[in-house]
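Source file: data_17.cif (mmCIF, C-alpha atoms)
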data_model
loop_
_atom_site.label_atom_id
_atom_site.label_comp_id
_atom_site.auth_asym_id
_atom_site.auth_seq_id
_atom_site.Cartn_x
_atom_site.Cartn_y
_atom_site.Cartn_z
CA MET M 1 -11.02 -79.97 -34.39
CA ASP M 2 -10.13 -81.12 -37.89
CA LEU M 3 -8.05 -78.31 -39.36
CA ASN M 4 -8.21 -79.91 -42.81
CA SER M 5 -11.93 -79.23 -42.98
CA MET M 6 -11.46 -75.57 -42.03
CA TYR M 7 -10.48 -72.47 -43.99
CA PRO M 8 -7.03 -71.01 -43.30
CA ASP M 9 -6.78 -67.22 -43.43
CA ARG M 10 -3.88 -64.79 -42.98
CA SER M 11 -3.77 -63.61 -39.39
CA PRO M 12 -4.87 -59.98 -38.98
CA GLN M 13 -1.84 -59.64 -36.68
CA THR M 14 0.53 -59.99 -39.64
CA ALA M 15 1.51 -57.23 -42.04
CA SER M 16 2.34 -58.25 -45.59
CA ARG M 17 2.65 -57.33 -49.24
CA VAL M 18 3.37 -59.34 -52.37
CA ILE M 19 5.82 -57.66 -54.74
CA ASP M 20 6.80 -59.46 -57.95
CA ASN M 21 5.43 -62.77 -56.66
CA GLU M 22 7.48 -62.51 -53.48
CA ALA M 23 5.62 -62.09 -50.21
CA VAL M 24 7.15 -59.87 -47.54
CA ILE M 25 5.56 -60.75 -44.22
CA ILE M 26 6.10 -59.37 -40.75
CA SER M 27 5.46 -62.11 -38.23
CA PRO M 28 3.34 -61.17 -35.23
CA GLN M 29 5.38 -63.10 -32.67
CA GLU M 30 8.66 -61.27 -33.02
CA ASN M 31 7.83 -58.63 -35.60
CA LYS M 32 10.48 -60.17 -37.85
CA VAL M 33 10.48 -59.75 -41.61
CA MET M 34 10.21 -62.89 -43.74
CA VAL M 35 10.47 -63.10 -47.52
CA LEU M 36 8.82 -66.18 -49.03
CA ASN M 37 9.86 -67.98 -52.20
CA GLY M 38 7.56 -68.21 -55.21
CA THR M 39 5.53 -71.22 -54.05
CA GLY M 40 5.26 -69.97 -50.48
CA SER M 41 4.19 -66.55 -51.73
CA ARG M 42 1.46 -68.08 -53.91
CA ILE M 43 0.17 -70.11 -50.97
CA TRP M 44 0.23 -66.92 -48.87
CA GLU M 45 -1.92 -65.19 -51.49
CA LEU M 46 -4.36 -68.11 -51.46
CA LEU M 47 -4.75 -67.99 -47.68
CA ASN M 48 -7.84 -65.84 -47.95
CA GLY M 49 -10.28 -67.66 -45.67
CA ASP M 50 -12.23 -69.04 -48.62
CA LEU M 51 -10.18 -72.09 -49.60
CA ARG M 52 -9.45 -75.25 -47.63
CA THR M 53 -5.91 -76.64 -47.64
CA ASP M 54 -6.78 -79.35 -50.19
CA ARG M 55 -8.12 -76.71 -52.59
CA ILE M 56 -5.00 -74.57 -52.18
CA ALA M 57 -2.88 -77.65 -52.89
CA LEU M 58 -4.85 -78.25 -56.10
CA VAL M 59 -4.03 -74.73 -57.32
CA ILE M 60 -0.36 -75.20 -56.43
CA SER M 61 -0.29 -78.56 -58.20
CA GLU M 62 -1.70 -77.01 -61.38
CA GLU M 63 0.32 -73.78 -61.37
CA PHE M 64 3.68 -75.30 -60.41
CA ASP M 65 3.27 -78.56 -62.34
CA VAL M 66 3.78 -80.95 -59.41
CA SER M 67 1.73 -84.00 -58.42
CA TYR M 68 -1.30 -83.33 -56.27
CA ASP M 69 0.02 -85.56 -53.47
CA ASP M 70 3.34 -83.72 -53.31
CA ALA M 71 1.58 -80.37 -53.43
CA LEU M 72 -0.77 -81.40 -50.62
CA ASN M 73 2.08 -82.59 -48.39
CA ASP M 74 4.13 -79.46 -48.98
CA THR M 75 1.17 -77.14 -48.58
CA ARG M 76 0.13 -78.80 -45.30
CA GLU M 77 3.66 -78.62 -43.95
CA PHE M 78 3.98 -74.96 -44.92
CA ILE M 79 0.59 -74.03 -43.50
CA ASN M 80 1.32 -75.87 -40.25
CA ASP M 81 4.54 -73.91 -39.93
CA LEU M 82 2.70 -70.61 -40.45
CA TYR M 83 0.08 -71.66 -37.89
CA ALA M 84 2.79 -72.45 -35.34
CA ARG M 85 4.15 -68.92 -35.87
CA ASP M 86 0.68 -67.39 -35.33
CA MET M 87 0.70 -66.16 -38.91
CA LEU M 88 -2.64 -67.67 -39.84
CA ILE M 89 -5.96 -68.48 -38.28
CA TYR M 90 -8.57 -71.11 -39.15
CA LEU M 91 -12.17 -70.23 -39.92
CA GLU M 92 -14.99 -72.73 -39.53
CA HIS M 93 -16.83 -71.30 -42.54
CA PRO M 94 -15.50 -69.58 -45.64
CA LYS M 95 -15.25 -65.80 -45.45
CA GLU M 96 -17.41 -65.27 -48.53
CA GLU M 97 -20.17 -67.28 -46.88
CA ALA M 98 -19.92 -65.11 -43.76
CA LEU M 99 -20.44 -62.04 -45.91
CA THR M 100 -23.63 -63.30 -47.56
CA MET H 1 16.63 -63.91 -45.96
CA LYS H 2 18.36 -60.54 -45.56
CA ASP H 3 19.48 -60.53 -49.20
CA HIS H 4 15.95 -61.30 -50.34
CA TYR H 5 14.60 -58.44 -48.26
CA ASN H 6 17.26 -56.09 -49.64
CA ASP H 7 16.23 -57.18 -53.15
CA ILE H 8 12.62 -56.26 -52.35
CA ILE H 9 13.71 -52.86 -51.00
CA LYS H 10 15.74 -52.30 -54.16
CA LYS H 11 12.72 -53.10 -56.30
CA THR H 12 10.55 -50.66 -54.36
CA MET H 13 13.13 -47.94 -55.00
CA GLU H 14 13.47 -48.74 -58.69
CA ARG H 15 9.71 -48.67 -59.16
CA ASN H 16 9.01 -45.82 -56.76
CA ILE H 17 6.66 -47.89 -54.65
CA PRO H 18 5.99 -45.83 -51.50
CA PHE H 19 6.95 -48.76 -49.29
CA ILE H 20 7.70 -46.59 -46.26
CA VAL H 21 5.27 -43.83 -45.36
CA HIS H 22 5.68 -41.27 -42.60
CA TRP H 23 2.37 -39.68 -41.73
CA GLU H 24 2.06 -36.64 -39.49
CA LEU H 25 -1.58 -37.09 -38.50
CA THR H 26 -1.82 -33.80 -36.62
CA HIS H 27 0.32 -30.90 -35.49
CA ARG H 28 -1.77 -30.48 -32.36
CA CYS H 29 0.14 -31.37 -29.20
CA ASN H 30 -0.28 -31.17 -25.45
CA MET H 31 3.38 -30.34 -24.92
CA ALA H 32 5.56 -27.40 -25.96
CA CYS H 33 8.99 -28.84 -26.71
CA SER H 34 11.64 -26.18 -27.18
CA HIS H 35 13.09 -27.68 -30.36
CA CYS H 36 9.87 -28.85 -32.08
CA TYR H 37 9.73 -28.12 -35.82
CA CYS H 38 5.96 -28.54 -36.18
CA VAL H 39 3.90 -25.43 -36.71
CA ARG H 40 0.21 -25.84 -36.17
CA ARG H 41 -1.72 -24.29 -39.04
CA ASP H 42 -5.18 -23.25 -37.91
CA ASP H 43 -5.82 -21.83 -41.37
CA LYS H 44 -5.64 -25.32 -42.86
CA LYS H 45 -8.01 -28.22 -42.32
CA GLU H 46 -6.67 -31.56 -41.14
CA LEU H 47 -7.59 -34.60 -43.23
CA THR H 48 -10.82 -36.21 -42.01
CA THR H 49 -11.08 -39.85 -40.96
CA GLU H 50 -12.70 -40.71 -44.29
CA GLU H 51 -10.04 -38.89 -46.31
CA ILE H 52 -7.30 -40.71 -44.39
CA MET H 53 -8.96 -44.10 -44.94
CA SER H 54 -9.22 -43.40 -48.64
CA VAL H 55 -5.48 -42.63 -48.82
CA ILE H 56 -4.74 -45.80 -46.81
CA ASP H 57 -6.69 -47.78 -49.44
CA GLU H 58 -4.64 -46.16 -52.18
CA LEU H 59 -1.35 -46.84 -50.40
CA ALA H 60 -2.32 -50.50 -49.88
CA ALA H 61 -3.05 -50.81 -53.61
CA LEU H 62 0.40 -49.31 -54.32
CA GLN H 63 1.95 -52.03 -52.08
CA SER H 64 3.07 -49.70 -49.28
CA LEU H 65 3.94 -51.76 -46.21
CA TYR H 66 5.13 -49.51 -43.40
CA ILE H 67 3.38 -46.50 -41.92
CA THR H 68 4.87 -44.42 -39.13
CA PHE H 69 2.18 -42.33 -37.49
CA SER H 70 3.52 -39.22 -35.79
CA GLY H 71 2.49 -35.71 -34.89
CA GLY H 72 2.22 -33.37 -33.13
CA GLU H 73 0.83 -35.84 -30.70
CA ILE H 74 -1.07 -38.63 -32.45
CA LEU H 75 -3.32 -39.30 -29.47
CA THR H 76 -4.84 -35.82 -29.64
CA ARG H 77 -6.77 -37.19 -32.64
CA LYS H 78 -9.97 -38.75 -31.31
CA ASP H 79 -10.08 -41.03 -34.36
CA PHE H 80 -6.52 -42.27 -33.92
CA PHE H 81 -7.46 -45.86 -33.08
CA THR H 82 -10.04 -45.97 -35.89
CA ILE H 83 -7.28 -44.94 -38.32
CA ALA H 84 -4.69 -47.30 -36.84
CA ARG H 85 -7.05 -50.30 -36.77
CA TYR H 86 -8.08 -49.61 -40.35
CA SER H 87 -4.43 -49.49 -41.41
CA ARG H 88 -3.76 -52.83 -39.75
CA SER H 89 -6.80 -54.36 -41.46
CA LYS H 90 -5.24 -53.31 -44.76
CA GLY H 91 -2.01 -55.19 -44.01
CA PHE H 92 0.21 -52.31 -42.88
CA ALA H 93 2.96 -52.58 -40.29
CA LEU H 94 2.80 -49.64 -37.89
CA ARG H 95 5.27 -47.60 -35.93
CA LEU H 96 3.83 -45.11 -33.49
CA LEU H 97 5.63 -41.94 -32.38
CA THR H 98 4.10 -40.39 -29.29
CA ASN H 99 5.03 -38.56 -26.12
CA GLY H 100 3.07 -41.22 -24.25
CA THR H 101 1.48 -38.83 -21.78
CA PHE H 102 -2.12 -39.73 -22.75
CA ILE H 103 -1.60 -43.50 -22.51
CA SER H 104 -3.89 -45.09 -19.93
CA SER H 105 -4.35 -48.79 -19.14
CA GLU H 106 -7.27 -48.97 -21.58
CA MET H 107 -5.30 -47.22 -24.29
CA ALA H 108 -2.33 -49.52 -23.68
CA ASP H 109 -4.69 -52.47 -24.25
CA GLU H 110 -5.79 -50.94 -27.55
CA ILE H 111 -2.18 -50.34 -28.61
CA LYS H 112 -1.35 -53.96 -27.77
CA GLN H 113 -4.22 -55.06 -30.04
CA LEU H 114 -2.64 -53.10 -32.90
CA ASN H 115 0.56 -55.14 -32.52
CA PRO H 116 2.74 -52.25 -33.70
CA LEU H 117 6.36 -52.84 -34.70
CA SER H 118 7.27 -50.34 -32.01
CA VAL H 119 6.02 -47.45 -29.95
CA GLU H 120 8.70 -44.76 -29.90
CA MET H 121 8.43 -42.23 -27.11
CA SER H 122 10.42 -39.04 -26.73
CA VAL H 123 12.58 -38.91 -23.60
CA TYR H 124 15.07 -36.09 -23.30
CA ALA H 125 16.68 -36.90 -19.97
CA ALA H 126 16.70 -39.41 -17.15
CA ASP H 127 16.31 -36.42 -14.87
CA PRO H 128 12.61 -35.41 -14.71
CA GLU H 129 13.44 -31.73 -14.27
CA ILE H 130 15.57 -31.55 -17.43
CA HIS H 131 13.00 -33.54 -19.44
CA ASP H 132 10.09 -31.40 -18.26
CA SER H 133 11.98 -28.19 -18.95
CA ILE H 134 12.56 -29.31 -22.57
CA THR H 135 8.96 -30.39 -23.07
CA GLY H 136 7.71 -27.23 -21.36
CA THR H 137 5.27 -29.45 -19.48
CA LYS H 138 5.56 -30.15 -15.77
CA GLY H 139 4.90 -33.79 -14.92
CA SER H 140 5.47 -35.03 -18.48
CA PHE H 141 8.42 -37.27 -17.54
CA LYS H 142 6.35 -39.12 -14.97
CA LYS H 143 3.49 -39.67 -17.43
CA THR H 144 5.83 -40.88 -20.18
CA MET H 145 7.51 -43.32 -17.79
CA ARG H 146 4.05 -44.63 -16.85
CA ALA H 147 3.37 -45.26 -20.55
CA PHE H 148 6.62 -47.23 -20.85
CA GLN H 149 5.50 -49.31 -17.89
CA LEU H 150 1.95 -49.93 -19.16
CA LEU H 151 3.08 -50.92 -22.63
CA GLY H 152 5.95 -53.01 -21.24
CA GLN H 153 3.51 -54.99 -19.09
CA ARG H 154 1.66 -55.86 -22.28
CA GLY H 155 4.76 -56.91 -24.20
CA VAL H 156 4.71 -53.98 -26.64
CA LYS H 157 8.12 -53.13 -28.08
CA ARG H 158 9.09 -49.66 -26.89
CA VAL H 159 11.87 -47.31 -27.92
CA VAL H 160 13.38 -44.46 -25.95
CA LYS H 161 13.80 -41.82 -28.62
CA SER H 162 15.90 -38.80 -27.81
CA LEU H 163 17.38 -35.68 -29.30
CA LEU H 164 20.61 -34.54 -27.68
CA MET H 165 20.95 -30.76 -27.54
CA ASN H 166 22.67 -28.11 -25.47
CA GLN H 167 20.19 -28.60 -22.63
CA ASN H 168 20.67 -32.38 -22.28
CA ALA H 169 24.08 -33.12 -23.81
CA ASP H 170 25.24 -34.76 -20.59
CA GLN H 171 22.36 -37.28 -20.61
CA LEU H 172 23.64 -39.92 -23.04
CA GLY H 173 24.90 -42.29 -20.33
CA ALA H 174 21.85 -41.73 -18.13
CA LEU H 175 19.45 -42.28 -21.02
CA THR H 176 21.27 -45.46 -22.03
CA LYS H 177 20.94 -46.73 -18.45
CA LEU H 178 17.29 -45.69 -18.29
CA SER H 179 16.46 -47.53 -21.51
CA HIS H 180 18.06 -50.70 -20.08
CA GLU H 181 15.96 -50.32 -16.93
CA LEU H 182 12.86 -49.87 -19.09
CA ASP H 183 13.85 -52.90 -21.19
CA SER H 184 13.54 -50.68 -24.25
CA ASP H 185 15.65 -49.91 -27.26
CA PHE H 186 17.38 -46.53 -27.34
CA VAL H 187 17.94 -44.26 -30.31
CA TYR H 188 19.17 -40.70 -30.33
CA ASP H 189 19.90 -38.00 -32.82
CA MET H 190 21.59 -34.60 -32.62
CA THR H 191 19.96 -32.95 -35.62
CA VAL H 192 17.88 -30.01 -34.47
CA VAL H 193 16.09 -28.67 -37.54
CA PRO H 194 14.47 -25.33 -38.42
CA LYS H 195 10.74 -25.00 -37.85
CA ASP H 196 8.37 -25.83 -40.69
CA ASP H 197 7.62 -22.11 -41.18
CA GLY H 198 11.31 -21.40 -41.82
CA SER H 199 12.03 -19.96 -38.38
CA ARG H 200 15.51 -20.81 -37.10
CA ASP H 201 14.78 -20.18 -33.44
CA THR H 202 15.20 -23.88 -32.71
CA LEU H 203 18.79 -23.95 -33.99
CA ARG H 204 20.10 -22.25 -30.85
CA TYR H 205 19.58 -25.59 -29.07
CA ARG H 206 21.81 -27.49 -31.51
CA LEU H 207 25.17 -28.70 -30.21
CA ASP H 208 28.29 -27.35 -31.89
CA THR H 209 30.88 -29.66 -33.47
CA ASP H 210 32.76 -29.86 -30.18
CA GLY H 211 29.62 -30.96 -28.36
CA MET H 212 28.76 -33.52 -31.03
CA THR H 213 32.30 -34.93 -30.92
CA LYS H 214 32.02 -35.38 -27.17
CA ILE H 215 28.80 -37.32 -27.64
CA PHE H 216 30.30 -39.54 -30.33
CA ARG H 217 33.30 -40.20 -28.11
CA GLU H 218 30.97 -41.43 -25.40
CA ASP H 219 29.23 -43.73 -27.85
CA ASP H 220 31.08 -46.94 -28.71
CA ARG H 221 29.10 -47.31 -31.93
CA ALA H 222 30.45 -44.02 -33.29
CA ALA H 223 34.03 -45.03 -32.53
CA SER H 224 33.63 -48.10 -34.70
CA PHE H 225 32.01 -46.17 -37.56
CA GLU H 226 33.54 -47.10 -40.89
CA PRO H 227 33.63 -44.32 -43.47
CA LEU H 228 32.84 -45.05 -47.11
CA GLU H 229 35.90 -46.13 -49.07
CA SER H 230 35.11 -43.68 -51.84
CA VAL H 231 32.37 -41.34 -52.95
CA ASN H 232 31.43 -40.86 -56.58
CA ASP H 233 28.43 -40.54 -58.86
CA ASP H 234 27.29 -44.03 -57.91
CA THR H 235 27.22 -43.20 -54.21
CA PHE H 236 23.74 -43.74 -52.87
CA MET H 237 22.55 -40.54 -51.26
CA CYS H 238 19.11 -40.88 -49.80
CA THR H 239 15.74 -42.56 -50.25
CA ALA H 240 13.72 -39.33 -50.41
CA GLY H 241 10.99 -39.76 -53.00
CA LEU H 242 12.34 -43.15 -54.08
CA ASN H 243 10.37 -45.52 -51.87
CA ASN H 244 9.26 -43.25 -49.07
CA LEU H 245 7.23 -40.12 -48.55
CA LEU H 246 5.66 -37.94 -45.90
CA ILE H 247 2.01 -36.94 -45.65
CA SER H 248 1.20 -33.83 -43.63
CA PRO H 249 -1.93 -33.42 -41.45
CA TYR H 250 -3.35 -31.27 -44.24
CA GLY H 251 -2.77 -33.79 -47.03
CA GLU H 252 0.41 -32.32 -48.49
CA VAL H 253 2.88 -34.90 -49.77
CA TYR H 254 6.62 -34.45 -49.31
CA PRO H 255 9.53 -36.62 -50.47
CA CYS H 256 10.48 -37.38 -46.85
CA VAL H 257 10.19 -36.06 -43.32
CA GLY H 258 13.30 -33.92 -43.77
CA TRP H 259 12.31 -32.31 -47.07
CA LYS H 260 9.35 -30.03 -46.48
CA GLN H 261 8.66 -28.91 -50.05
CA ASP H 262 5.33 -30.37 -51.04
CA ALA H 263 4.71 -31.90 -54.43
CA GLY H 264 0.95 -32.08 -54.27
CA ASN H 265 -2.02 -32.74 -52.03
CA VAL H 266 -3.93 -36.00 -51.62
CA ARG H 267 -7.16 -33.97 -51.74
CA GLU H 268 -6.40 -33.04 -55.35
CA GLN H 269 -4.21 -35.79 -56.77
CA SER H 270 -3.47 -39.46 -56.28
CA ILE H 271 -0.27 -40.52 -54.51
CA GLU H 272 0.83 -42.15 -57.75
CA GLN H 273 0.44 -38.85 -59.64
CA ILE H 274 2.31 -36.94 -56.95
CA MET H 275 5.19 -39.45 -57.03
CA GLN H 276 5.49 -38.83 -60.76
CA SER H 277 5.50 -35.03 -60.34
CA GLY H 278 8.44 -32.95 -61.53
CA HIS H 279 9.53 -32.30 -57.95
CA PHE H 280 9.83 -35.99 -57.09
CA GLN H 281 11.43 -36.80 -60.43
CA ARG H 282 14.08 -34.13 -59.96
CA ILE H 283 14.88 -35.35 -56.45
CA ARG H 284 15.28 -38.90 -57.70
CA SER H 285 17.62 -37.81 -60.47
CA ILE H 286 20.17 -35.97 -58.29
CA LYS H 287 23.66 -37.42 -58.63
CA PHE H 288 26.54 -37.00 -56.21
CA ASP H 289 28.62 -35.12 -58.79
CA GLU H 290 25.95 -32.40 -58.87
CA LEU H 291 26.69 -31.51 -55.25
CA HIS H 292 28.94 -28.56 -55.98
CA THR H 293 30.75 -28.40 -52.64
CA CYS H 294 30.24 -31.84 -51.16
CA ARG H 295 31.72 -33.70 -54.14
CA SER H 296 35.22 -32.47 -53.23
CA CYS H 297 34.81 -32.46 -49.44
CA ASP H 298 37.23 -34.62 -47.47
CA LYS H 299 34.49 -35.37 -44.95
CA ALA H 300 32.14 -36.83 -47.56
CA PRO H 301 32.88 -40.45 -46.54
CA TYR H 302 31.64 -39.58 -43.04
CA CYS H 303 28.70 -37.50 -44.12
CA ARG H 304 25.01 -38.34 -43.83
CA ARG H 305 23.90 -35.30 -45.75
CA CYS H 306 20.18 -34.64 -45.81
CA PRO H 307 19.16 -32.78 -48.97
CA GLY H 308 15.97 -31.64 -47.26
CA LEU H 309 17.91 -30.02 -44.47
CA ALA H 310 20.23 -28.43 -47.04
CA VAL H 311 17.11 -26.75 -48.42
CA SER H 312 15.43 -25.77 -45.16
CA GLU H 313 18.54 -24.47 -43.41
CA ASP H 314 20.92 -23.54 -46.21
CA GLU H 315 18.47 -22.93 -49.07
CA ASP H 316 20.35 -24.99 -51.64
CA TYR H 317 19.47 -28.62 -52.24
CA LEU H 318 22.72 -29.14 -54.15
CA GLY H 319 24.83 -27.51 -51.46
CA PRO H 320 26.12 -28.62 -48.09
CA SER H 321 23.81 -29.01 -45.13
CA SER H 322 25.27 -27.17 -42.13
CA ALA H 323 23.93 -29.80 -39.75
CA ALA H 324 25.41 -32.66 -41.78
CA CYS H 325 28.78 -30.85 -42.01
CA MET H 326 28.94 -30.54 -38.23
CA LEU H 327 28.02 -34.18 -37.70
CA ALA H 328 30.52 -35.35 -40.33
CA LYS H 329 33.30 -33.32 -38.69
CA ALA H 330 32.40 -34.77 -35.31
CA LEU H 331 32.29 -38.30 -36.67
CA LYS H 332 35.60 -37.88 -38.45
CA ASN H 333 37.16 -36.59 -35.24
CA THR H 334 35.79 -39.57 -33.35
CA ALA H 335 36.58 -42.29 -35.84
CA ARG H 336 40.15 -41.10 -36.20
CA GLY H 337 40.60 -40.41 -32.53
CA THR H 338 42.56 -37.30 -33.43
CA CYS H 339 42.42 -33.71 -32.25
CA LEU H 340 39.19 -31.85 -32.69
CA GLU H 341 38.45 -30.18 -35.97
CA VAL H 342 35.98 -27.40 -35.35
#

Same coordinates, now as structure tokens:
Amino acid sequence: MDLNSMYPDRSPQTASRVIDNEAVIISPQENKVMVLNGTGSRIWELLNGDLRTDRIALVISEEFDVSYDDALNDTREFINDLYARDMLIYLEHPKEEALT
Amino acid sequence: MKDHYNDIIKKTMERNIPFIVHWELTHRCNMACSHCYCVRRDDKKELTTEEIMSVIDELAALQSLYITFSGGEILTRKDFFTIARYSRSKGFALRLLTNGTFISSEMADEIKQLNPLSVEMSVYAADPEIHDSITGTKGSFKKTMRAFQLLGQRGVKRVVKSLLMNQNADQLGALTKLSHELDSDFVYDMTVVPKDDGSRDTLRYRLDTDGMTKIFREDDRAASFEPLESVNDDTFMCTAGLNNLLISPYGEVYPCVGWKQDAGNVREQSIEQIMQSGHFQRIRSIKFDELHTCRSCDKAPYCRRCPGLAVSEDEDYLGPSSAACMLAKALKNTARGTCLEV
């Protein structure tokens, strides 16, 4: 299973809101509250089941003015961490496609 | 992390984002607890599933995060799981308040799927006879304990939630022990409140200051309570109407669970409009110096005054709340370790 070719989506087991570009997330494992920084919060918003990790990294690279390679590394690391905490799931096909 | 979260909470209060919502889904209940404040109104129509979902959509758009569903008994609503699942799909974190007596294995599975922050169940005594006499329902203790077991087996966080009154004042130690045995958290309160229709019949169950002091003296946490160093106009009083609100089964919106003066109805206005109503604005503007008696009270540093209770019991939202006065006296007695002040 190549996760890089799949579409990460926020786990339905999480609860979250983004207020002033800061994401407040309640993790499903321990029901603990996490507050993400600006970049993490933007990635969280982009985890919508329609974008692959490389596409999310491209947005981060453009919006935060960092190189694409750095953005990709950081985004992958962050997404892997969320996956390990059961805070996201991977979809084989984009959500939008599933709706059509 | 904690500071960041506190910053978010502060923002929600400054902008009046209803971050924390308490929702009484129904006043129907299968039990008849002696102290219950809910009054079932058969002349009013409960919100339908569709109406509730529409309000959930609106709350999600307003960035609400937490919903506590309570009753009455939430599981008397046949659409409870439809409502709860819909809330979760909209990114809400749920707390469920229930007496637990309807919870079967299948229902426990469904609750597990909801992944609630907690399921808080009312337990009034470790002695089944005392508990059942308070709930007015024979066999209720056994059923509630079964619910603790079923949810525990599924790893759902459970809370033993109790109200200590004249009938069960000697149960603090036993309830603490029971909650350990159930591997559950334990919270208790001593604030018996008037019924929603204004009746004060329930108040006869409330402990007096002496009784409250005895409870606090049994509780290590109360002994280590640290009073506020000073109270002045900057003293934060309560979050009513700032970032929380209560929705009744009939769609009325209140500033909090303790303040039962409605400011509008979701059937007629949006939540945003109701939060900008004169009633909510006035509540948000109250300053400590406006509290004509409390501002010079020597127990103010110990007091957790509830303005809603000051209205419902003492009919003056700027005056003292009898219940808060008793608790503050008891806490002051305990924290000082001095003779009783009654």

Mind running chain H against chain M at 7 Å and telling me each contacting residue's nearest atom pair with the distance in Å (one decimal), counting only C-alpha atoms, chain and number ascending, as JSON lines?
{"residue": "H:Met1", "atom": "CA", "partner": "M:Val35", "partner_atom": "CA", "distance": 6.4}
{"residue": "H:His4", "atom": "CA", "partner": "M:Val35", "partner_atom": "CA", "distance": 6.4}
{"residue": "H:Tyr5", "atom": "CA", "partner": "M:Val35", "partner_atom": "CA", "distance": 6.3}
{"residue": "H:Gln63", "atom": "CA", "partner": "M:Arg17", "partner_atom": "CA", "distance": 6.1}
{"residue": "H:Leu65", "atom": "CA", "partner": "M:Arg17", "partner_atom": "CA", "distance": 6.5}
{"residue": "H:Ser89", "atom": "CA", "partner": "M:Pro12", "partner_atom": "CA", "distance": 6.4}
{"residue": "H:Gly91", "atom": "CA", "partner": "M:Ala15", "partner_atom": "CA", "distance": 4.5}
{"residue": "H:Phe92", "atom": "CA", "partner": "M:Ala15", "partner_atom": "CA", "distance": 5.2}
{"residue": "H:Ala93", "atom": "CA", "partner": "M:Ala15", "partner_atom": "CA", "distance": 5.2}
{"residue": "H:Asn115", "atom": "CA", "partner": "M:Gln13", "partner_atom": "CA", "distance": 6.6}
{"residue": "H:Leu117", "atom": "CA", "partner": "M:Asn31", "partner_atom": "CA", "distance": 6.0}

So what does the PyMOL selection byres ((chain M and resi 55-62) around 10) actually pick up in this one, as number ranges by chain? M: 7-8, 39-40, 42-47, 50-54, 63-76

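Neighbourhood of point (10.3, -28.5, -35.3): residues with an atom at most 7 Å away, counting all atoms listed in the file, are His35, Cys36, Tyr37, Cys38, Val193, Pro194, Lys195 and Asp196 of chain H.
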
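The space separating atom CA of M:Leu91 from atom CA of M:Asp9 comes to 7.1 Å.
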
All file atoms of stretch 53-65 of chain M boxed axis-aligned, 4 Å per side, centre plus edges, as AutoDock Vina command-line options:
--center_x -2.2 --center_y -76.6 --center_z -55.0 --size_x 19.8 --size_y 13.6 --size_z 22.7

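By chain and then residue number, the residues within 12 Å of H:Asp109 are H:Phe81, H:Ile103, H:Ser104, H:Leu114, H:Asn115, H:Ala147, H:Leu150, H:Leu151, H:Gly152, H:Gln153, H:Arg154, H:Gly155, H:Val156, counting all atoms listed in the file and disregarding those fewer than 5 positions away in sequence.
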
Any chance you could work out the residue set of the PyMOL selection byres ((chain H and resi 161-166) around 6) here, as an NGL selection string? :H and (121-124 or 159-160 or 167-169 or 187-190 or 205-207)

Would you save the residues from that selection as a short mmCIF file (atom, residue, chain, number, x, y, z; two decimals), in the frame of the given file, using C-alpha atoms?
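File selection-v1.cif, as written:
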data_model
loop_
_atom_site.label_atom_id
_atom_site.label_comp_id
_atom_site.auth_asym_id
_atom_site.auth_seq_id
_atom_site.Cartn_x
_atom_site.Cartn_y
_atom_site.Cartn_z
CA MET H 121 8.43 -42.23 -27.11
CA SER H 122 10.42 -39.04 -26.73
CA VAL H 123 12.58 -38.91 -23.60
CA TYR H 124 15.07 -36.09 -23.30
CA VAL H 159 11.87 -47.31 -27.92
CA VAL H 160 13.38 -44.46 -25.95
CA GLN H 167 20.19 -28.60 -22.63
CA ASN H 168 20.67 -32.38 -22.28
CA ALA H 169 24.08 -33.12 -23.81
CA VAL H 187 17.94 -44.26 -30.31
CA TYR H 188 19.17 -40.70 -30.33
CA ASP H 189 19.90 -38.00 -32.82
CA MET H 190 21.59 -34.60 -32.62
CA TYR H 205 19.58 -25.59 -29.07
CA ARG H 206 21.81 -27.49 -31.51
CA LEU H 207 25.17 -28.70 -30.21
#

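You will find atom CA of H:Met13 at 11.6 Å from atom CA of H:Phe236.
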
Atom CA of H:Thr26 and atom CA of H:Lys44, how far apart in Å? 11.2 Å

Target residues per the PyMOL selection byres ((chain H and resi 247) around 10), formatted as a list in words: Val21, His22, Trp23, Glu24, Leu25, Val55, Phe69, Leu245, Leu246, Ser248, Pro249, Tyr250, Gly251, Glu252, Val253, Tyr254, Pro255, Cys256, Val257, Asp262, Gly264, Asn265, Val266 and Ile271 of chain H
